[in-house]
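As stored in structure11.tsv (TSV, C-alpha atoms and all ligand atoms):
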```
chain	number	residue	atom	x	y	z
B	810	MET	CA	0.00	0.00	0.00
B	811	GLU	CA	1.16	3.51	-0.82
B	812	LYS	CA	1.92	5.93	2.03
B	813	PRO	CA	-1.22	7.96	2.72
B	814	LEU	CA	-2.21	11.58	2.35
B	815	LEU	CA	-3.29	12.17	5.92
B	816	ALA	CA	-5.87	14.72	7.03
B	817	ILE	CA	-6.19	15.50	10.73
B	818	VAL	CA	-9.64	16.74	11.75
B	819	ILE	CA	-9.79	18.91	14.86
B	820	PRO	CA	-13.12	20.13	16.29
B	821	CYS	CA	-12.75	23.28	18.34
B	822	PHE	CA	-15.01	25.37	20.46
B	823	ASN	CA	-13.49	28.41	22.17
B	824	GLU	CA	-9.96	27.00	22.00
B	825	GLU	CA	-8.05	30.26	21.36
B	826	GLN	CA	-5.48	29.30	24.00
B	827	CYS	CA	-4.75	25.90	22.48
B	828	ILE	CA	-4.82	26.26	18.68
B	829	LYS	CA	-1.31	27.58	18.00
B	830	GLU	CA	0.38	25.09	20.30
B	831	THR	CA	-1.73	22.29	18.84
B	832	VAL	CA	-0.73	23.21	15.28
B	833	ASP	CA	2.97	23.33	16.26
B	834	LYS	CA	2.79	19.97	17.98
B	835	LEU	CA	0.91	18.31	15.11
B	836	PHE	CA	3.34	19.70	12.53
B	837	THR	CA	6.21	18.30	14.61
B	838	VAL	CA	4.54	14.91	14.35
B	839	PHE	CA	4.08	15.47	10.59
B	840	ASP	CA	7.82	16.29	10.24
B	841	ASP	CA	8.71	13.10	12.03
B	842	LEU	CA	6.36	11.03	9.86
B	843	LEU	CA	7.68	12.71	6.70
B	844	LYS	CA	11.25	11.88	7.73
B	845	LYS	CA	10.22	8.27	8.24
B	846	ASN	CA	8.49	8.39	4.83
B	847	LYS	CA	5.16	7.35	6.36
B	848	ILE	CA	2.85	10.09	5.00
B	849	LYS	CA	2.63	12.28	1.90
B	850	PRO	CA	3.96	15.85	2.18
B	851	GLU	CA	0.55	17.32	1.21
B	852	SER	CA	-0.93	15.95	4.47
B	853	TYR	CA	-2.86	18.69	6.26
B	854	LEU	CA	-4.78	19.82	9.33
B	855	TYR	CA	-8.49	20.61	9.13
B	856	PHE	CA	-10.12	22.63	11.93
B	857	VAL	CA	-13.86	22.82	12.44
B	858	ASP	CA	-14.70	25.85	14.53
B	859	ASP	CA	-17.93	24.85	16.22
B	860	GLY	CA	-19.32	28.39	16.49
B	861	SER	CA	-16.69	29.74	18.90
B	862	ASN	CA	-17.25	33.20	20.32
B	863	ASP	CA	-13.60	33.88	21.11
B	864	SER	CA	-10.76	34.45	18.62
B	865	THR	CA	-10.38	30.78	17.66
B	866	TRP	CA	-11.41	31.41	14.04
B	867	ASN	CA	-9.16	34.46	13.62
B	868	ILE	CA	-6.20	32.37	14.73
B	869	ILE	CA	-7.11	29.61	12.27
B	870	GLU	CA	-7.37	32.17	9.43
B	871	GLU	CA	-4.01	33.62	10.39
B	872	LEU	CA	-2.39	30.19	10.43
B	873	HIS	CA	-3.97	29.37	7.06
B	874	LYS	CA	-2.51	32.55	5.54
B	875	ASN	CA	0.99	31.47	6.59
B	876	ASN	CA	0.58	27.83	5.68
B	877	SER	CA	-2.09	26.41	3.38
B	878	LEU	CA	-1.73	23.02	5.09
B	879	VAL	CA	-3.87	24.52	7.85
B	880	LYS	CA	-7.43	24.44	6.53
B	881	GLY	CA	-10.81	24.64	8.17
B	882	GLN	CA	-14.38	25.79	8.33
B	883	LYS	CA	-16.46	27.73	10.78
B	884	PHE	CA	-20.00	26.78	11.76
B	885	ILE	CA	-22.63	29.48	11.90
B	886	LYS	CA	-23.37	28.47	15.53
B	887	ASN	CA	-22.42	25.84	18.10
B	888	TYR	CA	-23.70	22.42	17.03
B	889	GLY	CA	-21.70	20.20	19.37
B	890	ASN	CA	-18.57	18.18	18.90
B	891	GLN	CA	-20.18	15.19	17.08
B	892	LYS	CA	-21.43	17.43	14.28
B	893	ALA	CA	-18.06	19.20	14.10
B	894	LEU	CA	-16.35	15.82	13.69
B	895	ILE	CA	-18.80	14.75	10.98
B	896	ALA	CA	-18.38	18.07	9.15
B	897	GLY	CA	-14.59	17.71	9.28
B	898	LEU	CA	-14.70	14.17	7.95
B	899	GLU	CA	-17.06	15.17	5.14
B	900	ALA	CA	-14.87	18.14	4.23
B	901	VAL	CA	-11.57	16.23	4.11
B	902	LYS	CA	-13.23	13.58	1.96
B	903	THR	CA	-14.19	16.32	-0.52
B	904	ILE	CA	-10.82	18.09	-0.38
B	905	GLY	CA	-9.07	14.74	-0.70
B	906	CYS	CA	-7.24	12.35	1.63
B	907	ASP	CA	-6.43	8.66	1.92
B	908	CYS	CA	-7.22	8.56	5.61
B	909	ALA	CA	-8.31	10.96	8.32
B	910	ILE	CA	-7.60	11.09	12.03
B	911	THR	CA	-9.86	12.95	14.47
B	912	ILE	CA	-8.24	14.43	17.56
B	913	ASP	CA	-9.27	17.03	20.18
B	914	ALA	CA	-7.99	20.59	19.98
B	915	ASP	CA	-6.54	20.41	23.52
B	916	LEU	CA	-4.39	17.42	22.44
B	917	GLN	CA	-5.37	15.48	25.55
B	918	GLN	CA	-4.92	12.45	23.34
B	919	ASP	CA	-1.23	11.72	22.83
B	920	GLU	CA	-0.40	12.99	19.34
B	921	TRP	CA	2.66	10.72	19.15
B	922	SER	CA	0.29	7.75	18.81
B	923	ILE	CA	-0.57	8.96	15.29
B	924	GLU	CA	2.33	6.91	13.95
B	925	LYS	CA	0.80	3.73	15.39
B	926	PHE	CA	-2.53	4.61	13.73
B	927	ILE	CA	-0.76	5.00	10.38
B	928	ASP	CA	1.08	1.70	10.82
B	929	LYS	CA	-2.24	-0.06	11.39
B	930	TYR	CA	-3.72	1.70	8.34
B	931	MET	CA	-0.78	0.41	6.26
B	932	GLU	CA	-1.59	-3.09	7.49
B	933	GLY	CA	-4.98	-2.68	5.79
B	934	PHE	CA	-7.32	-1.62	8.60
B	935	ASP	CA	-10.17	0.74	7.67
B	936	VAL	CA	-10.77	1.98	11.19
B	937	VAL	CA	-8.17	2.36	13.93
B	938	SER	CA	-9.77	3.25	17.25
B	939	GLY	CA	-7.87	4.88	20.06
B	940	ILE	CA	-8.34	3.34	23.50
B	941	ARG	CA	-7.34	5.33	26.60
B	942	ASN	CA	-4.65	3.57	28.58
B	943	ASN	CA	-6.04	5.21	31.71
B	944	ARG	CA	-8.48	7.84	32.92
B	945	LYS	CA	-6.13	9.51	35.38
B	946	THR	CA	-7.13	13.00	34.25
B	947	ASP	CA	-10.86	12.37	34.79
B	948	SER	CA	-12.74	13.06	38.00
B	949	PHE	CA	-14.27	10.12	39.87
B	950	PHE	CA	-17.70	11.26	38.65
B	951	LYS	CA	-16.65	11.34	34.99
B	952	LYS	CA	-14.94	7.95	35.27
B	953	PHE	CA	-18.07	6.46	36.79
B	954	THR	CA	-20.54	7.99	34.32
B	955	ALA	CA	-18.34	7.13	31.32
B	956	LEU	CA	-18.06	3.52	32.45
B	957	ALA	CA	-21.83	3.35	33.04
B	958	PHE	CA	-22.44	4.76	29.55
B	959	TYR	CA	-20.20	2.19	27.84
B	960	LYS	CA	-21.78	-0.63	29.86
B	961	VAL	CA	-25.31	0.52	28.91
B	962	MET	CA	-24.36	0.93	25.24
B	963	ASN	CA	-22.85	-2.53	25.18
B	964	LEU	CA	-25.92	-4.04	26.86
B	965	LEU	CA	-27.90	-2.39	24.06
B	966	GLY	CA	-25.72	-4.22	21.55
B	967	ALA	CA	-23.39	-1.43	20.47
B	968	ASN	CA	-20.09	-3.23	21.11
B	969	ILE	CA	-18.15	-0.03	21.79
B	970	PRO	CA	-14.90	-0.85	23.56
B	971	VAL	CA	-14.69	0.67	27.03
B	972	ASN	CA	-12.48	3.80	27.10
B	973	HIS	CA	-12.75	4.30	23.37
B	974	SER	CA	-12.84	7.97	22.42
B	975	ASP	CA	-13.25	9.93	19.22
B	976	TYR	CA	-9.48	9.67	18.63
B	977	ARG	CA	-9.67	7.49	15.57
B	978	LEU	CA	-8.29	6.91	12.08
B	979	VAL	CA	-10.71	6.19	9.28
B	980	SER	CA	-9.79	5.23	5.74
B	981	ARG	CA	-11.19	6.83	2.62
B	982	HIS	CA	-13.27	3.68	2.13
B	983	ALA	CA	-14.89	4.17	5.57
B	984	LEU	CA	-15.58	7.82	4.68
B	985	ASP	CA	-17.29	6.72	1.46
B	986	ILE	CA	-19.53	4.39	3.46
B	987	MET	CA	-20.27	7.10	6.05
B	988	GLU	CA	-21.69	9.23	3.27
B	989	GLN	CA	-24.43	6.64	2.82
B	990	PHE	CA	-25.71	7.26	6.37
B	991	PRO	CA	-27.60	10.53	6.04
B	992	GLU	CA	-29.17	10.67	9.51
B	993	ARG	CA	-28.72	13.90	11.48
B	994	TYR	CA	-27.73	12.20	14.72
B	995	LEU	CA	-25.01	9.92	13.54
B	996	PHE	CA	-23.27	8.73	16.70
B	997	LEU	CA	-19.74	8.21	15.43
B	998	ARG	CA	-18.50	5.87	18.15
B	999	GLY	CA	-21.44	3.56	17.52
B	1000	PHE	CA	-21.32	3.91	13.76
B	1001	PHE	CA	-17.63	3.12	13.17
B	1002	ASN	CA	-17.76	0.18	15.56
B	1003	ASP	CA	-20.89	-1.30	14.12
B	1004	VAL	CA	-20.68	-1.17	10.34
B	1005	GLY	CA	-18.25	-4.08	10.24
B	1006	PHE	CA	-15.10	-2.29	9.11
B	1007	LYS	CA	-11.80	-4.05	9.58
B	1008	THR	CA	-10.87	-2.43	12.89
B	1009	ALA	CA	-7.65	-2.24	14.90
B	1010	TYR	CA	-7.10	-0.71	18.34
B	1011	VAL	CA	-4.27	1.46	19.55
B	1012	GLY	CA	-3.71	2.37	23.19
B	1013	PHE	CA	-2.82	5.98	23.95
B	1014	ASP	CA	-1.97	8.03	27.02
B	1015	VAL	CA	-4.27	10.81	28.16
B	1016	LYS	CA	-2.71	14.11	29.17
B	1017	PRO	CA	-4.22	16.93	31.19
B	1018	ARG	CA	-5.94	19.68	29.17
B	1019	MET	CA	-3.33	22.20	27.84
B	1020	HIS	CA	-5.32	25.37	28.60
B	1021	GLY	CA	-8.82	26.34	29.60
B	1022	LYS	CA	-11.57	24.10	30.85
B	1023	SER	CA	-13.46	21.14	29.40
B	1024	LYS	CA	-16.18	22.29	27.03
B	1025	PHE	CA	-18.52	19.59	28.27
B	1026	ASN	CA	-20.65	19.79	31.37
B	1027	PHE	CA	-22.98	17.28	32.94
B	1028	ALA	CA	-25.95	18.46	30.82
B	1029	SER	CA	-24.11	18.32	27.46
B	1030	LEU	CA	-22.58	14.93	28.30
B	1031	SER	CA	-26.04	13.60	29.27
B	1032	ILE	CA	-27.49	14.84	25.97
B	1033	LEU	CA	-24.60	13.22	24.06
B	1034	ALA	CA	-25.21	9.94	25.91
B	1035	LEU	CA	-28.98	10.07	25.42
B	1036	ASN	CA	-28.67	10.90	21.71
B	1037	GLY	CA	-26.11	8.12	21.44
B	1038	ILE	CA	-28.57	5.65	22.88
B	1039	THR	CA	-31.74	6.76	21.08
B	1040	SER	CA	-30.08	7.25	17.70
B	1041	TYR	CA	-28.41	3.92	17.96
B	1042	SER	CA	-30.64	1.31	19.55
B	1043	VAL	CA	-34.33	0.43	19.88
B	1044	VAL	CA	-33.66	-1.98	22.75
B	1045	PRO	CA	-35.04	0.52	25.36
B	1046	LEU	CA	-38.38	0.47	23.52
B	1047	ARG	CA	-38.44	-3.33	23.68
B	1048	LEU	CA	-37.62	-3.16	27.39
B	1049	VAL	CA	-40.63	-0.89	27.87
B	1050	SER	CA	-42.88	-3.48	26.17
B	1051	ILE	CA	-41.39	-6.32	28.21
B	1052	LEU	CA	-41.79	-4.32	31.42
B	1053	GLY	CA	-45.41	-3.50	30.59
B	1054	PHE	CA	-46.17	-7.11	29.77
B	1055	SER	CA	-44.50	-8.46	32.93
B	1056	MET	CA	-46.32	-5.97	35.12
B	1057	THR	CA	-49.65	-6.93	33.56
B	1058	ILE	CA	-49.02	-10.60	34.37
B	1059	ILE	CA	-47.98	-9.76	37.94
B	1060	GLY	CA	-51.10	-7.56	38.25
B	1061	ILE	CA	-53.37	-10.38	37.09
B	1062	ILE	CA	-51.80	-12.87	39.53
B	1063	LEU	CA	-52.04	-10.42	42.45
B	1064	GLY	CA	-55.65	-9.62	41.46
B	1065	ILE	CA	-56.61	-13.30	41.48
B	1066	ILE	CA	-54.99	-13.76	44.90
B	1067	ALA	CA	-56.82	-10.69	46.27
B	1068	VAL	CA	-60.21	-11.86	44.94
B	1069	CYS	CA	-59.72	-15.42	46.26
B	1070	ASN	CA	-58.74	-14.01	49.65
B	1071	LYS	CA	-61.88	-11.90	49.74
B	1072	ILE	CA	-64.22	-14.70	48.65
B	1073	PHE	CA	-62.80	-17.64	50.56
B	1074	PHE	CA	-61.14	-16.11	53.60
B	1075	ALA	CA	-62.79	-12.70	53.83
B	1076	ASN	CA	-59.62	-11.28	55.33
B	1077	PHE	CA	-58.70	-8.84	52.58
B	1078	GLN	CA	-57.01	-5.87	54.25
B	1079	HIS	CA	-57.20	-2.46	52.65
B	1080	ASP	CA	-54.19	-0.33	53.53
B	1081	TRP	CA	-54.09	3.26	52.18
B	1082	ALA	CA	-50.32	3.53	52.69
B	1083	ILE	CA	-49.72	0.61	50.35
B	1084	ASP	CA	-52.22	2.18	47.90
B	1085	LEU	CA	-50.28	5.41	47.93
B	1086	ILE	CA	-46.90	3.75	47.51
B	1087	MET	CA	-48.19	1.56	44.68
B	1088	ASN	CA	-49.78	4.56	42.94
B	1089	CYS	CA	-46.58	6.56	43.12
B	1090	PHE	CA	-44.48	3.60	42.02
B	1091	PHE	CA	-46.61	2.67	39.03
B	1092	GLY	CA	-47.17	6.31	38.13
B	1093	GLY	CA	-43.40	6.73	38.09
B	1094	VAL	CA	-42.81	3.60	36.02
B	1095	GLU	CA	-45.44	4.69	33.51
B	1096	LEU	CA	-44.01	8.17	33.15
B	1097	PHE	CA	-40.50	6.78	32.79
B	1098	CYS	CA	-41.70	4.48	30.02
B	1099	LEU	CA	-43.59	7.33	28.36
B	1100	GLY	CA	-40.48	9.48	28.62
B	1101	THR	CA	-38.41	6.74	26.98
B	1102	ILE	CA	-40.87	6.55	24.10
B	1103	ALA	CA	-40.97	10.37	23.91
B	1104	GLU	CA	-37.17	10.46	23.48
B	1105	TYR	CA	-37.56	8.36	20.35
B	1106	ILE	CA	-40.44	10.49	19.10
B	1107	GLY	CA	-38.18	13.52	19.60
B	1108	GLN	CA	-35.49	11.83	17.51
B	1109	ILE	CA	-38.02	11.03	14.77
B	1110	PHE	CA	-39.29	14.62	14.88
B	1111	LEU	CA	-35.79	16.01	14.45
B	1112	GLU	CA	-34.83	13.51	11.74
B	1113	ILE	CA	-38.03	13.78	9.72
B	1114	LYS	CA	-37.66	17.50	9.20
B	1115	GLY	CA	-34.59	16.68	7.15
B	1116	ARG	CA	-32.80	19.87	8.11
B	1117	PRO	CA	-29.09	20.16	7.38
B	1118	ARG	CA	-26.85	18.66	10.05
B	1119	TYR	CA	-24.97	21.92	10.36
B	1120	ILE	CA	-24.56	25.19	8.49
B	1121	LYS	CA	-21.14	26.29	7.35
B	1122	ASP	CA	-20.32	29.95	7.71
B	1123	ILE	CA	-16.87	30.19	6.07
B	1124	GLU	CA	-14.45	27.60	4.67
B	1125	LEU	CA	-10.71	27.79	4.05
B	1126	LYS	CA	-9.44	25.16	1.62
A	1	LIG	N1	-15.87	20.73	21.24
A	1	LIG	C1	-16.62	21.17	20.15
A	1	LIG	N2	-17.88	21.62	20.37
A	1	LIG	C2	-18.46	21.63	21.62
A	1	LIG	C3	-17.67	21.15	22.71
A	1	LIG	C4	-16.39	20.71	22.46
A	1	LIG	O1	-16.15	21.17	19.02
A	1	LIG	O2	-19.60	22.07	21.74
A	1	LIG	C5	-14.48	20.26	21.00
A	1	LIG	C6	-13.43	20.87	21.90
A	1	LIG	O3	-12.97	22.11	21.43
A	1	LIG	C7	-12.37	19.79	21.89
A	1	LIG	C8	-13.16	18.51	21.77
A	1	LIG	O4	-14.45	18.88	21.28
A	1	LIG	O5	-11.52	19.89	20.76
A	1	LIG	C9	-13.28	17.81	23.11
A	1	LIG	O6	-13.73	18.74	24.09
A	1	LIG	P1	-13.10	18.83	25.54
A	1	LIG	O7	-11.61	18.70	25.47
A	1	LIG	O8	-13.60	20.08	26.17
A	1	LIG	O9	-13.77	17.57	26.21
A	1	LIG	P2	-13.16	16.55	27.29
A	1	LIG	O10	-11.75	16.27	26.90
A	1	LIG	O11	-13.27	17.23	28.59
A	1	LIG	O12	-14.05	15.36	27.17
A	2	MG	MG	-10.28	17.54	26.32
```

Turn the structure described in the file into structure tokens.
Amino acid sequence: MEKPLLAIVIPCFNEEQCIKETVDKLFTVFDDLLKKNKIKPESYLYFVDDGSNDSTWNIIEELHKNNSLVKGQKFIKNYGNQKALIAGLEAVKTIGCDCAITIDADLQQDEWSIEKFIDKYMEGFDVVSGIRNNRKTDSFFKKFTALAFYKVMNLLGANIPVNHSDYRLVSRHALDIMEQFPERYLFLRGFFNDVGFKTAYVGFDVKPRMHGKSKFNFASLSILALNGITSYSVVPLRLVSILGFSMTIIGIILGIIAVCNKIFFANFQHDWAIDLIMNCFFGGVELFCLGTIAEYIGQIFLEIKGRPRYIKDIELK
């Protein structure tokens, strides 16, 4: 296989403190790979500014002026990191590349692992997924919620490796296939693990954030997780049916017991406290089930409108 033209896709949202350092570090990796004759010299960086309201985009434009191997686009508003990643992958496919790697703008993912990704690509893998060697930089809460998310996704049949992140290489072939999935809420971690691509895994070290704070909070992570689940799997809907069916059976059995007690033993006790608890419990279960169904209806509502995934404001090629 010929050495690839590599495109690195970097989503960024208010990363003015990181961009320059990130570009320097990634070009150092490029230099090393060029010396080792592992990538083509036209390999480039592609930034997707996810509607930043600081000077992120100005810095990208400045860098592009000095070096056309820094390219990018700016969204008209903030759409979230998944959409920025998708936009970047779509753009580099159009501009041209043999493979693309997605990495965060704060370079928390060790950029020196890129060589290992390329080696796997040269062995013929279409997807090379980065797996965190550890989660030392995460808080206990984030570790716990992330683990819970991966466990739930895997129970739902997603087969996403634990500690996988969006640090990933995808071949041009995988990008061509991605184009055939037009849904708005494409959950990349699920998608690339599920299609059946020839996949390799590379471990990488996680570093602390270079500057600034994480752009995710509990609410945005919950939305990401919920969208991940509802756009990916219908198992929760089946669970709702199974739960409803099981509770009906239990209700019938308990009803028969209560009636028999009343007829044959006449010792049926009516206890308002139990009534209240049961009402609250079943009311809660019903609303939870309705909410689960409503999440899917929300997804259908958003998908059916067929609106664009994102709107580009400016592009630098
Ligand atoms: N990001 C983005 N849009 C958002 C939030 C984040 O493009 O709405 C980018 C961010 O600039 C970074 C990457 O997604 O390049 C990961 O974000 P961050 O490092 O804040 O997340 P964490 O490492 O804490 O999970
Ligand atoms: Mg980060």

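Proximity ranking of B:Thr954, B:Gln882, B:Asn1036, B:Gln989 relative to Glu870 (chain B) places B:Gln882 first, based on all atoms listed in the file.
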
Report the closest atom pair, with its distance in Å rounded to one decimal, for each residue of chain B that has an atom no farther than 12 Å from ligand MG 2 (chain A); count all atoms listed in the file, sort by chain and then rising residue number, and write it as a Markdown table.
```
| residue | atom | partner | partner_atom | distance |
| --- | --- | --- | --- | --- |
| B:Ile819 | CA | A:MG2 | MG | 11.6 |
| B:Pro820 | CA | A:MG2 | MG | 10.7 |
| B:Cys821 | CA | A:MG2 | MG | 10.1 |
| B:Phe822 | CA | A:MG2 | MG | 10.9 |
| B:Glu824 | CA | A:MG2 | MG | 10.4 |
| B:Cys827 | CA | A:MG2 | MG | 10.7 |
| B:Asn890 | CA | A:MG2 | MG | 11.1 |
| B:Ile912 | CA | A:MG2 | MG | 9.5 |
| B:Asp913 | CA | A:MG2 | MG | 6.2 |
| B:Ala914 | CA | A:MG2 | MG | 7.4 |
| B:Asp915 | CA | A:MG2 | MG | 5.5 |
| B:Leu916 | CA | A:MG2 | MG | 7.1 |
| B:Gln917 | CA | A:MG2 | MG | 5.4 |
| B:Gln918 | CA | A:MG2 | MG | 8.0 |
| B:Asp919 | CA | A:MG2 | MG | 11.3 |
| B:Arg944 | CA | A:MG2 | MG | 11.9 |
| B:Thr946 | CA | A:MG2 | MG | 9.7 |
| B:Asp947 | CA | A:MG2 | MG | 9.9 |
| B:Ser974 | CA | A:MG2 | MG | 10.6 |
| B:Asp975 | CA | A:MG2 | MG | 10.8 |
| B:Tyr976 | CA | A:MG2 | MG | 11.0 |
| B:Val1015 | CA | A:MG2 | MG | 9.2 |
| B:Lys1016 | CA | A:MG2 | MG | 8.8 |
| B:Pro1017 | CA | A:MG2 | MG | 7.8 |
| B:Arg1018 | CA | A:MG2 | MG | 5.6 |
| B:Met1019 | CA | A:MG2 | MG | 8.5 |
| B:His1020 | CA | A:MG2 | MG | 9.5 |
| B:Gly1021 | CA | A:MG2 | MG | 9.5 |
| B:Lys1022 | CA | A:MG2 | MG | 8.1 |
| B:Ser1023 | CA | A:MG2 | MG | 5.7 |
| B:Lys1024 | CA | A:MG2 | MG | 7.6 |
| B:Phe1025 | CA | A:MG2 | MG | 8.7 |
| B:Asn1026 | CA | A:MG2 | MG | 11.8 |
```

Mind writing the picked residues with C-alpha atoms as a CSV table (one decimal), in the frame of the given file?
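Printed below is again.csv as written:
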```
chain,number,residue,atom,x,y,z
B,819,ILE,CA,-9.8,18.9,14.9
B,820,PRO,CA,-13.1,20.1,16.3
B,821,CYS,CA,-12.8,23.3,18.3
B,822,PHE,CA,-15.0,25.4,20.5
B,824,GLU,CA,-10.0,27.0,22.0
B,827,CYS,CA,-4.8,25.9,22.5
B,890,ASN,CA,-18.6,18.2,18.9
B,912,ILE,CA,-8.2,14.4,17.6
B,913,ASP,CA,-9.3,17.0,20.2
B,914,ALA,CA,-8.0,20.6,20.0
B,915,ASP,CA,-6.5,20.4,23.5
B,916,LEU,CA,-4.4,17.4,22.4
B,917,GLN,CA,-5.4,15.5,25.6
B,918,GLN,CA,-4.9,12.4,23.3
B,919,ASP,CA,-1.2,11.7,22.8
B,944,ARG,CA,-8.5,7.8,32.9
B,946,THR,CA,-7.1,13.0,34.2
B,947,ASP,CA,-10.9,12.4,34.8
B,974,SER,CA,-12.8,8.0,22.4
B,975,ASP,CA,-13.2,9.9,19.2
B,976,TYR,CA,-9.5,9.7,18.6
B,1015,VAL,CA,-4.3,10.8,28.2
B,1016,LYS,CA,-2.7,14.1,29.2
B,1017,PRO,CA,-4.2,16.9,31.2
B,1018,ARG,CA,-5.9,19.7,29.2
B,1019,MET,CA,-3.3,22.2,27.8
B,1020,HIS,CA,-5.3,25.4,28.6
B,1021,GLY,CA,-8.8,26.3,29.6
B,1022,LYS,CA,-11.6,24.1,30.8
B,1023,SER,CA,-13.5,21.1,29.4
B,1024,LYS,CA,-16.2,22.3,27.0
B,1025,PHE,CA,-18.5,19.6,28.3
B,1026,ASN,CA,-20.6,19.8,31.4
```

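Closest to ligand LIG 1 (chain A) among B:Ser938, B:Asn972, B:Asn876, B:Asn1070 is B:Asn972, based on only C-alpha atoms and all ligand atoms.
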
**OP:** Please work out which residues fall within 9 Å of (-27.8, -3.5, 20.2), coordinates as given in the file, with only C-alpha atoms counting, and return them as number ranges by chain.
**Re:** B: 962-968, 1041-1044

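The residue that comes closest to Lys902 (chain B), out of B:Met931, B:Leu1099, B:Leu842, B:Leu814 and on the basis of all atoms listed in the file, is B:Leu814.
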
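Taking CA of Thr837 (chain B) and CA of Trp866 (chain B) as the two end points, the separation is 22.0 Å.
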
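Of the residues under consideration (B:Gln1108, B:Thr1101, B:Ser1029, B:Asn862), B:Ser1029 shows the shortest atom-to-atom contact distance to ligand LIG 1 (chain A) when counting all atoms listed in the file.
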
Using the structure block above, produce a file of region 913-918 of chain B that contains all heavy atoms, as a PDB file, in the first residue's frame.
```pdb
ATOM      1  N   ASP B 913      -8.748  15.819  19.518  1.00  0.00           N
ATOM      2  CA  ASP B 913      -9.266  17.027  20.182  1.00  0.00           C
ATOM      3  C   ASP B 913      -8.270  18.180  20.100  1.00  0.00           C
ATOM      4  O   ASP B 913      -7.057  17.971  20.080  1.00  0.00           O
ATOM      5  CB  ASP B 913      -9.550  16.747  21.669  1.00  0.00           C
ATOM      6  CG  ASP B 913     -10.757  15.853  21.842  1.00  0.00           C
ATOM      7  OD1 ASP B 913     -11.485  15.639  20.856  1.00  0.00           O
ATOM      8  OD2 ASP B 913     -10.951  15.354  22.971  1.00  0.00           O
ATOM      9  N   ALA B 914      -8.826  19.400  20.114  1.00  0.00           N
ATOM     10  CA  ALA B 914      -7.986  20.592  19.983  1.00  0.00           C
ATOM     11  C   ALA B 914      -7.065  20.795  21.188  1.00  0.00           C
ATOM     12  O   ALA B 914      -6.032  21.468  21.081  1.00  0.00           O
ATOM     13  CB  ALA B 914      -8.868  21.821  19.814  1.00  0.00           C
ATOM     14  N   ASP B 915      -7.402  20.226  22.342  1.00  0.00           N
ATOM     15  CA  ASP B 915      -6.540  20.409  23.520  1.00  0.00           C
ATOM     16  C   ASP B 915      -5.440  19.348  23.579  1.00  0.00           C
ATOM     17  O   ASP B 915      -4.670  19.306  24.537  1.00  0.00           O
ATOM     18  CB  ASP B 915      -7.382  20.376  24.800  1.00  0.00           C
ATOM     19  CG  ASP B 915      -8.207  19.104  24.916  1.00  0.00           C
ATOM     20  OD1 ASP B 915      -8.134  18.265  23.999  1.00  0.00           O
ATOM     21  OD2 ASP B 915      -8.911  18.946  25.920  1.00  0.00           O
ATOM     22  N   LEU B 916      -5.384  18.492  22.533  1.00  0.00           N
ATOM     23  CA  LEU B 916      -4.388  17.419  22.438  1.00  0.00           C
ATOM     24  C   LEU B 916      -4.273  16.612  23.737  1.00  0.00           C
ATOM     25  O   LEU B 916      -3.174  16.239  24.141  1.00  0.00           O
ATOM     26  CB  LEU B 916      -3.013  17.961  22.045  1.00  0.00           C
ATOM     27  CG  LEU B 916      -2.840  18.398  20.589  1.00  0.00           C
ATOM     28  CD1 LEU B 916      -1.375  18.663  20.287  1.00  0.00           C
ATOM     29  CD2 LEU B 916      -3.376  17.383  19.591  1.00  0.00           C
ATOM     30  N   GLN B 917      -5.418  16.351  24.365  1.00  0.00           N
ATOM     31  CA  GLN B 917      -5.368  15.476  25.549  1.00  0.00           C
ATOM     32  C   GLN B 917      -4.965  14.068  25.126  1.00  0.00           C
ATOM     33  O   GLN B 917      -4.391  13.317  25.884  1.00  0.00           O
ATOM     34  CB  GLN B 917      -6.729  15.450  26.227  1.00  0.00           C
ATOM     35  CG  GLN B 917      -6.959  16.655  27.097  1.00  0.00           C
ATOM     36  CD  GLN B 917      -8.076  16.421  28.088  1.00  0.00           C
ATOM     37  OE1 GLN B 917      -9.214  16.717  27.793  1.00  0.00           O
ATOM     38  NE2 GLN B 917      -7.755  15.878  29.235  1.00  0.00           N
ATOM     39  N   GLN B 918      -5.302  13.762  23.863  1.00  0.00           N
ATOM     40  CA  GLN B 918      -4.916  12.450  23.345  1.00  0.00           C
ATOM     41  C   GLN B 918      -3.492  12.565  22.795  1.00  0.00           C
ATOM     42  O   GLN B 918      -3.204  13.491  22.037  1.00  0.00           O
ATOM     43  CB  GLN B 918      -5.877  12.044  22.233  1.00  0.00           C
ATOM     44  CG  GLN B 918      -7.315  11.925  22.718  1.00  0.00           C
ATOM     45  CD  GLN B 918      -8.265  12.802  21.928  1.00  0.00           C
ATOM     46  OE1 GLN B 918      -7.902  13.898  21.515  1.00  0.00           O
ATOM     47  NE2 GLN B 918      -9.458  12.340  21.717  1.00  0.00           N
TER      48      GLN B 918
END
```
